[in-house]
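File shown: entry-v4.tsv. Contents: TSV, C-alpha atoms.
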```tsv
chain	number	residue	atom	x	y	z
A	1	ASP	CA	16.74	29.16	-97.24
A	2	ALA	CA	16.01	32.65	-95.89
A	3	PHE	CA	19.68	33.60	-95.92
A	4	ARG	CA	21.00	31.39	-98.74
A	5	ARG	CA	20.82	34.25	-101.25
A	6	TYR	CA	23.18	36.33	-99.12
A	7	LEU	CA	26.10	33.96	-99.73
A	8	VAL	CA	27.92	33.97	-103.04
A	9	PRO	CA	27.39	30.48	-104.54
A	10	GLY	CA	30.03	28.32	-106.17
A	11	PRO	CA	32.78	25.82	-105.30
A	12	PRO	CA	35.90	27.06	-103.47
A	13	THR	CA	37.94	26.73	-106.66
A	14	SER	CA	38.11	24.42	-109.65
A	15	SER	CA	41.91	24.45	-109.72
A	16	ILE	CA	42.45	22.60	-106.43
A	17	ARG	CA	42.00	18.88	-107.00
A	18	THR	CA	41.25	17.67	-103.50
A	19	PRO	CA	38.11	15.50	-103.49
A	20	GLY	CA	36.23	15.63	-100.23
A	21	PHE	CA	38.44	18.22	-98.57
A	22	GLU	CA	35.42	20.34	-97.68
A	23	ASN	CA	34.53	17.79	-95.01
A	24	LEU	CA	37.66	18.89	-93.10
A	25	LEU	CA	37.13	22.61	-93.25
A	26	PHE	CA	34.08	23.55	-91.25
A	27	LEU	CA	35.35	24.34	-87.76
A	28	ASN	CA	38.80	25.09	-86.38
A	29	THR	CA	40.38	24.09	-89.65
A	30	PHE	CA	43.96	24.51	-88.54
A	31	SER	CA	43.56	21.74	-85.98
A	32	GLN	CA	43.40	19.30	-88.91
A	33	PRO	CA	46.76	17.78	-89.94
A	34	GLN	CA	45.59	17.90	-93.55
A	35	THR	CA	45.70	21.71	-93.49
A	36	GLN	CA	49.06	22.09	-91.76
A	37	ASN	CA	51.05	22.29	-94.99
A	38	PRO	CA	51.25	24.76	-97.91
A	39	SER	CA	48.61	23.08	-100.08
A	40	GLY	CA	46.30	22.65	-97.09
A	41	THR	CA	46.69	26.31	-96.21
A	42	LEU	CA	45.69	27.23	-99.74
A	43	ARG	CA	42.59	25.06	-99.50
A	44	VAL	CA	41.57	26.82	-96.29
A	45	ALA	CA	42.07	30.22	-97.91
A	46	HIS	CA	39.91	29.30	-100.90
A	47	PHE	CA	37.29	27.74	-98.64
A	48	HIS	CA	36.80	31.02	-96.82
A	49	ARG	CA	36.90	32.96	-100.07
A	50	ALA	CA	34.05	30.78	-101.35
A	51	LEU	CA	31.98	31.85	-98.35
A	52	ARG	CA	32.45	35.53	-99.07
A	53	PRO	CA	29.15	37.33	-98.45
A	54	ALA	CA	27.09	38.86	-101.22
A	55	PRO	CA	27.71	42.53	-102.15
A	56	ASP	CA	24.78	43.95	-100.17
A	57	VAL	CA	26.02	42.26	-97.00
A	58	LEU	CA	29.56	43.56	-97.61
A	59	ALA	CA	28.11	47.03	-98.13
A	60	ALA	CA	26.27	46.78	-94.81
A	61	ALA	CA	29.49	45.68	-93.10
A	62	ALA	CA	31.43	48.58	-94.60
A	63	ALA	CA	28.78	51.01	-93.40
A	64	ALA	CA	28.79	49.54	-89.88
A	65	ALA	CA	32.57	49.32	-89.42
A	66	PRO	CA	34.33	51.96	-87.32
A	67	LYS	CA	36.89	54.20	-88.95
A	68	LYS	CA	40.24	52.42	-89.28
A	69	PRO	CA	42.31	51.62	-87.39
A	70	TYR	CA	40.04	49.85	-84.94
A	71	GLY	CA	40.29	46.77	-82.76
A	72	ALA	CA	37.62	44.12	-82.38
A	73	VAL	CA	36.46	41.76	-79.66
A	74	HIS	CA	33.76	39.10	-79.72
A	75	LEU	CA	31.92	38.93	-76.40
A	76	ARG	CA	29.75	35.82	-76.20
A	77	LEU	CA	27.33	37.22	-73.65
A	78	GLU	CA	23.91	36.54	-75.16
A	79	LYS	CA	21.31	34.94	-72.91
A	80	ASP	CA	20.93	31.83	-75.10
A	81	LEU	CA	24.07	30.50	-73.37
A	82	ASP	CA	21.90	29.94	-70.30
A	83	GLU	CA	20.32	27.00	-72.10
A	84	TYR	CA	23.64	25.11	-72.18
A	85	ARG	CA	25.14	24.29	-68.80
A	86	ALA	CA	28.72	23.82	-70.01
A	87	PHE	CA	28.69	27.02	-72.05
A	88	LYS	CA	27.14	28.99	-69.22
A	89	ARG	CA	29.86	27.73	-66.88
A	90	ALA	CA	32.60	28.62	-69.38
A	91	ARG	CA	31.34	32.09	-70.29
A	92	LEU	CA	33.30	35.16	-69.27
A	93	GLY	CA	31.79	38.56	-68.59
A	94	ALA	CA	32.79	41.82	-70.21
A	95	LYS	CA	34.75	42.94	-67.13
A	96	THR	CA	36.93	39.81	-67.02
A	97	THR	CA	37.60	39.95	-70.75
A	98	PHE	CA	38.46	43.65	-70.71
A	99	ASP	CA	40.69	43.23	-67.64
A	100	GLU	CA	42.63	40.39	-69.28
A	101	MET	CA	43.04	42.44	-72.43
A	102	GLU	CA	44.45	45.33	-70.41
A	103	ASN	CA	46.94	43.00	-68.70
A	104	THR	CA	48.33	41.43	-71.90
A	105	ALA	CA	51.51	43.20	-73.00
A	106	SER	CA	51.51	41.96	-76.61
A	107	LEU	CA	47.89	43.05	-77.02
A	108	ARG	CA	48.68	46.45	-75.57
A	109	ALA	CA	51.38	46.81	-78.22
A	110	CYS	CA	48.84	45.93	-80.94
A	111	ALA	CA	46.44	48.52	-79.56
A	112	GLN	CA	48.90	51.42	-79.77
A	113	GLY	CA	47.24	54.23	-81.70
A	114	VAL	CA	43.94	52.31	-82.01
A	115	GLU	CA	41.24	54.44	-80.42
A	116	ARG	CA	38.11	52.44	-81.30
A	117	LEU	CA	37.06	48.93	-80.29
A	118	PHE	CA	34.29	47.20	-82.21
A	119	VAL	CA	32.30	44.83	-80.00
A	120	ALA	CA	30.65	41.90	-81.76
A	121	VAL	CA	27.68	41.12	-79.53
A	122	ALA	CA	23.90	41.16	-79.85
A	123	VAL	CA	23.39	43.91	-77.27
A	124	ASP	CA	19.63	43.39	-77.09
A	125	GLU	CA	20.22	39.73	-76.15
A	126	VAL	CA	22.48	40.50	-73.16
A	127	SER	CA	20.60	40.02	-69.89
A	128	ASN	CA	23.40	40.04	-67.28
A	129	ALA	CA	23.24	43.34	-65.38
A	130	GLU	CA	27.01	43.74	-64.96
A	131	ASP	CA	27.66	43.07	-68.65
A	132	LYS	CA	24.96	45.53	-69.70
A	133	ALA	CA	26.44	48.19	-67.43
A	134	TYR	CA	29.96	47.71	-68.84
A	135	LEU	CA	28.75	47.92	-72.41
A	136	ALA	CA	26.66	51.00	-71.62
A	137	GLN	CA	29.80	52.86	-70.48
A	138	LYS	CA	31.01	52.82	-74.11
A	139	ARG	CA	34.64	52.66	-72.91
A	140	GLY	CA	36.86	49.63	-73.30
A	141	PRO	CA	40.44	48.49	-72.67
A	142	PHE	CA	43.23	50.97	-73.38
A	143	ASP	CA	40.66	53.76	-73.00
A	144	SER	CA	39.11	52.80	-76.33
A	145	ALA	CA	35.70	53.99	-77.47
A	146	LEU	CA	33.32	51.05	-77.91
A	147	ALA	CA	31.45	50.70	-81.20
A	148	PHE	CA	28.58	48.37	-82.10
A	149	HIS	CA	26.80	47.70	-85.36
A	150	GLY	CA	23.31	49.09	-85.15
A	151	GLY	CA	20.38	49.63	-87.43
A	152	ASN	CA	17.31	47.55	-88.18
A	153	LEU	CA	18.63	44.59	-90.14
A	154	SER	CA	15.20	42.93	-90.09
A	155	ALA	CA	13.77	45.68	-92.28
A	156	ARG	CA	16.44	45.04	-94.89
A	157	PHE	CA	17.18	41.32	-94.62
A	158	GLY	CA	13.98	39.86	-93.18
A	159	ALA	CA	14.22	36.39	-91.65
A	160	ALA	CA	17.94	36.30	-92.43
A	161	ALA	CA	18.70	39.30	-90.20
A	162	LEU	CA	20.29	37.35	-87.34
A	163	VAL	CA	22.61	35.42	-89.64
A	164	VAL	CA	23.42	38.49	-91.72
A	165	GLY	CA	24.29	40.31	-88.49
A	166	ALA	CA	26.83	37.60	-87.67
A	167	MET	CA	28.27	37.87	-91.19
A	168	ILE	CA	28.63	41.62	-90.77
A	169	ASP	CA	30.40	41.13	-87.45
A	170	MET	CA	32.78	38.58	-89.01
A	171	GLU	CA	33.72	40.91	-91.86
A	172	ILE	CA	34.40	43.76	-89.44
A	173	CYS	CA	36.44	41.55	-87.08
A	174	ALA	CA	38.45	40.09	-89.97
A	175	ASP	CA	39.65	43.55	-90.98
A	176	ALA	CA	40.42	44.81	-87.47
A	177	ALA	CA	43.90	45.93	-86.42
A	178	TYR	CA	43.63	43.36	-83.62
A	179	PHE	CA	41.03	40.78	-82.70
A	180	VAL	CA	40.24	39.04	-79.42
A	181	GLY	CA	37.91	36.05	-79.35
A	182	TYR	CA	37.17	33.03	-77.18
A	183	ALA	CA	37.85	30.10	-79.49
A	184	GLY	CA	37.14	27.53	-76.79
A	185	LEU	CA	33.54	28.72	-76.57
A	186	SER	CA	32.72	30.10	-80.01
A	187	THR	CA	32.98	28.55	-83.46
A	188	PHE	CA	32.65	32.12	-84.80
A	189	ASP	CA	35.99	32.91	-83.14
A	190	ARG	CA	37.63	29.71	-84.39
A	191	ALA	CA	36.71	30.63	-87.93
A	192	LEU	CA	38.08	34.14	-87.50
A	193	VAL	CA	41.49	32.77	-86.51
A	194	ASP	CA	41.52	30.94	-89.85
A	195	VAL	CA	40.17	33.90	-91.84
A	196	ARG	CA	42.72	36.32	-90.39
A	197	ALA	CA	45.52	33.81	-91.09
A	198	THR	CA	44.59	33.21	-94.73
A	199	ARG	CA	43.07	36.52	-95.81
A	200	ASP	CA	44.47	37.60	-99.18
A	201	GLN	CA	46.71	34.55	-99.28
A	202	TRP	CA	46.21	32.87	-102.65
A	203	THR	CA	49.65	31.33	-103.05
A	204	ALA	CA	50.66	27.92	-101.77
A	205	GLY	CA	52.56	29.23	-98.78
A	206	LEU	CA	52.06	28.12	-95.19
A	207	ALA	CA	49.77	30.61	-93.50
A	208	VAL	CA	50.89	32.49	-90.44
A	209	PRO	CA	48.34	34.04	-88.11
A	210	GLY	CA	47.65	37.73	-88.23
A	211	ASN	CA	50.19	39.29	-85.90
A	212	CYS	CA	47.46	40.67	-83.68
A	213	THR	CA	45.03	37.76	-83.32
A	214	PHE	CA	44.23	36.63	-79.78
A	215	THR	CA	41.90	34.31	-77.90
A	216	ILE	CA	40.81	33.98	-74.31
A	217	ARG	CA	41.95	30.68	-72.81
A	218	ARG	CA	41.31	28.90	-69.54
A	219	GLY	CA	44.01	26.88	-67.81
A	220	ASP	CA	47.77	26.98	-68.14
A	221	VAL	CA	48.34	25.75	-71.71
A	222	GLY	CA	50.13	28.48	-73.62
A	223	LYS	CA	49.94	31.05	-70.83
A	224	PRO	CA	52.76	33.62	-70.68
A	225	ALA	CA	55.67	32.81	-68.38
A	226	GLY	CA	55.04	34.13	-64.90
A	227	ALA	CA	51.34	34.68	-65.47
A	228	PRO	CA	48.97	33.32	-62.80
A	229	SER	CA	46.93	30.20	-63.44
A	230	GLY	CA	43.41	30.58	-64.74
A	231	VAL	CA	42.12	32.81	-67.51
A	232	HIS	CA	44.63	34.46	-69.85
A	233	VAL	CA	44.80	35.95	-73.34
A	234	HIS	CA	46.67	33.76	-75.83
A	235	HIS	CA	48.54	35.49	-78.66
A	236	PHE	CA	48.55	33.41	-81.85
A	237	THR	CA	52.15	33.46	-83.03
A	238	SER	CA	51.86	30.05	-84.68
A	239	LEU	CA	49.10	27.73	-85.78
A	240	PRO	CA	47.07	25.94	-84.60
```
Would you encode the structure as structure tokens?
Amino acid sequence: DAFRRYLVPGPPTSSIRTPGFENLLFLNTFSQPQTQNPSGTLRVAHFHRALRPAPDVLAAAAAAAPKKPYGAVHLRLEKDLDEYRAFKRARLGAKTTFDEMENTASLRACAQGVERLFVAVAVDEVSNAEDKAYLAQKRGPFDSALAFHGGNLSARFGAAALVVGAMIDMEICADAAYFVGYAGLSTFDRALVDVRATRDQWTAGLAVPGNCTFTIRRGDVGKPAGAPSGVHVHHFTSLP
């Protein structure tokens, strides 16, 4: 209830007659066969449009965003992961993520001329010493300058500050020249793949992912030819 007023209320749209479709569109929507067609794509687009934040949250996001063009990366480094054994085992540190970004040719191409990298992370909740040191350097892959959203959100948004902070990060990441997430670990990143694929798409055409949308992956599925086994950066050139 504390943050309900920061979301614009209302159904996704009254013109799409698809009873019950909202039950399919919470997480990783493009993994659902029902959305892998033009009308399904449109439903996903309107679903995310219905969740558009209220104007004061959008204003806070605009104020926090770096000057365009900028890249964005979501680093899931917060200490709450320590409470979940599987998540803690799957996490990747800032160094590994930045190294993999540097070694991905298609991402390097996306980063040409992009001097700033927005980092979506709750810096105050990062306890790992190596991660804290990397973030403190304020330099990222491709010699980018790291940027974080700061300010005291609690003073403005009260009990909703943590959720509003995530909404601000999502808006900034959605508008980035390139985005790198870790969809296997974070539902935030799964949603961003969908948002970046359907943003401004209000016609019944099959969505294609934003040309510069990436995710960290473990294992060999989808890894570039010739790349070593293990962690790699996957470039979304098709969905899901």
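Using only C-alpha atoms, the residues found no farther than 12 Å from Lys88 in chain A, other than those of its own chain fewer than 2 positions away, are Arg76, Leu77, Glu78, Lys79, Asp80, Leu81, Asp82, Glu83, Tyr84, Arg85, Ala86, Ala90, Arg91, Leu92, Gly93, Asn128 and Leu185 of chain A.
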### Task
Can you work out the spacing between CA of Tyr70 in chain A and CA of Pro55 in chain A in Å, to one decimal?
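We find that CA of Tyr70 in chain A and CA of Pro55 in chain A lie 22.4 Å from each other.
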### Query
Taking into account all atoms listed in the file, which residue in the set A:Val114, A:Val195, A:Leu162, A:Val73 is nearest to Phe179 in chain A?
A:Val73
### Task
Excluding Ala60 in chain A and residues on its chain fewer than 3 positions from it, collect all residues at most 12 Å away from it, counting all atoms listed in the file, and give them as a ChimeraX atom specification.
/A:6,53-57,63-65,149-153,156-157,161,164-172
### Message
I'd like the interatomic distance between CA of Asp131 in chain A and CA of Gln112 in chain A, to a tenth of an Å.
### Response
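Taking CA of Asp131 in chain A as the start and CA of Gln112 in chain A as the end point, the length is 25.4 Å.
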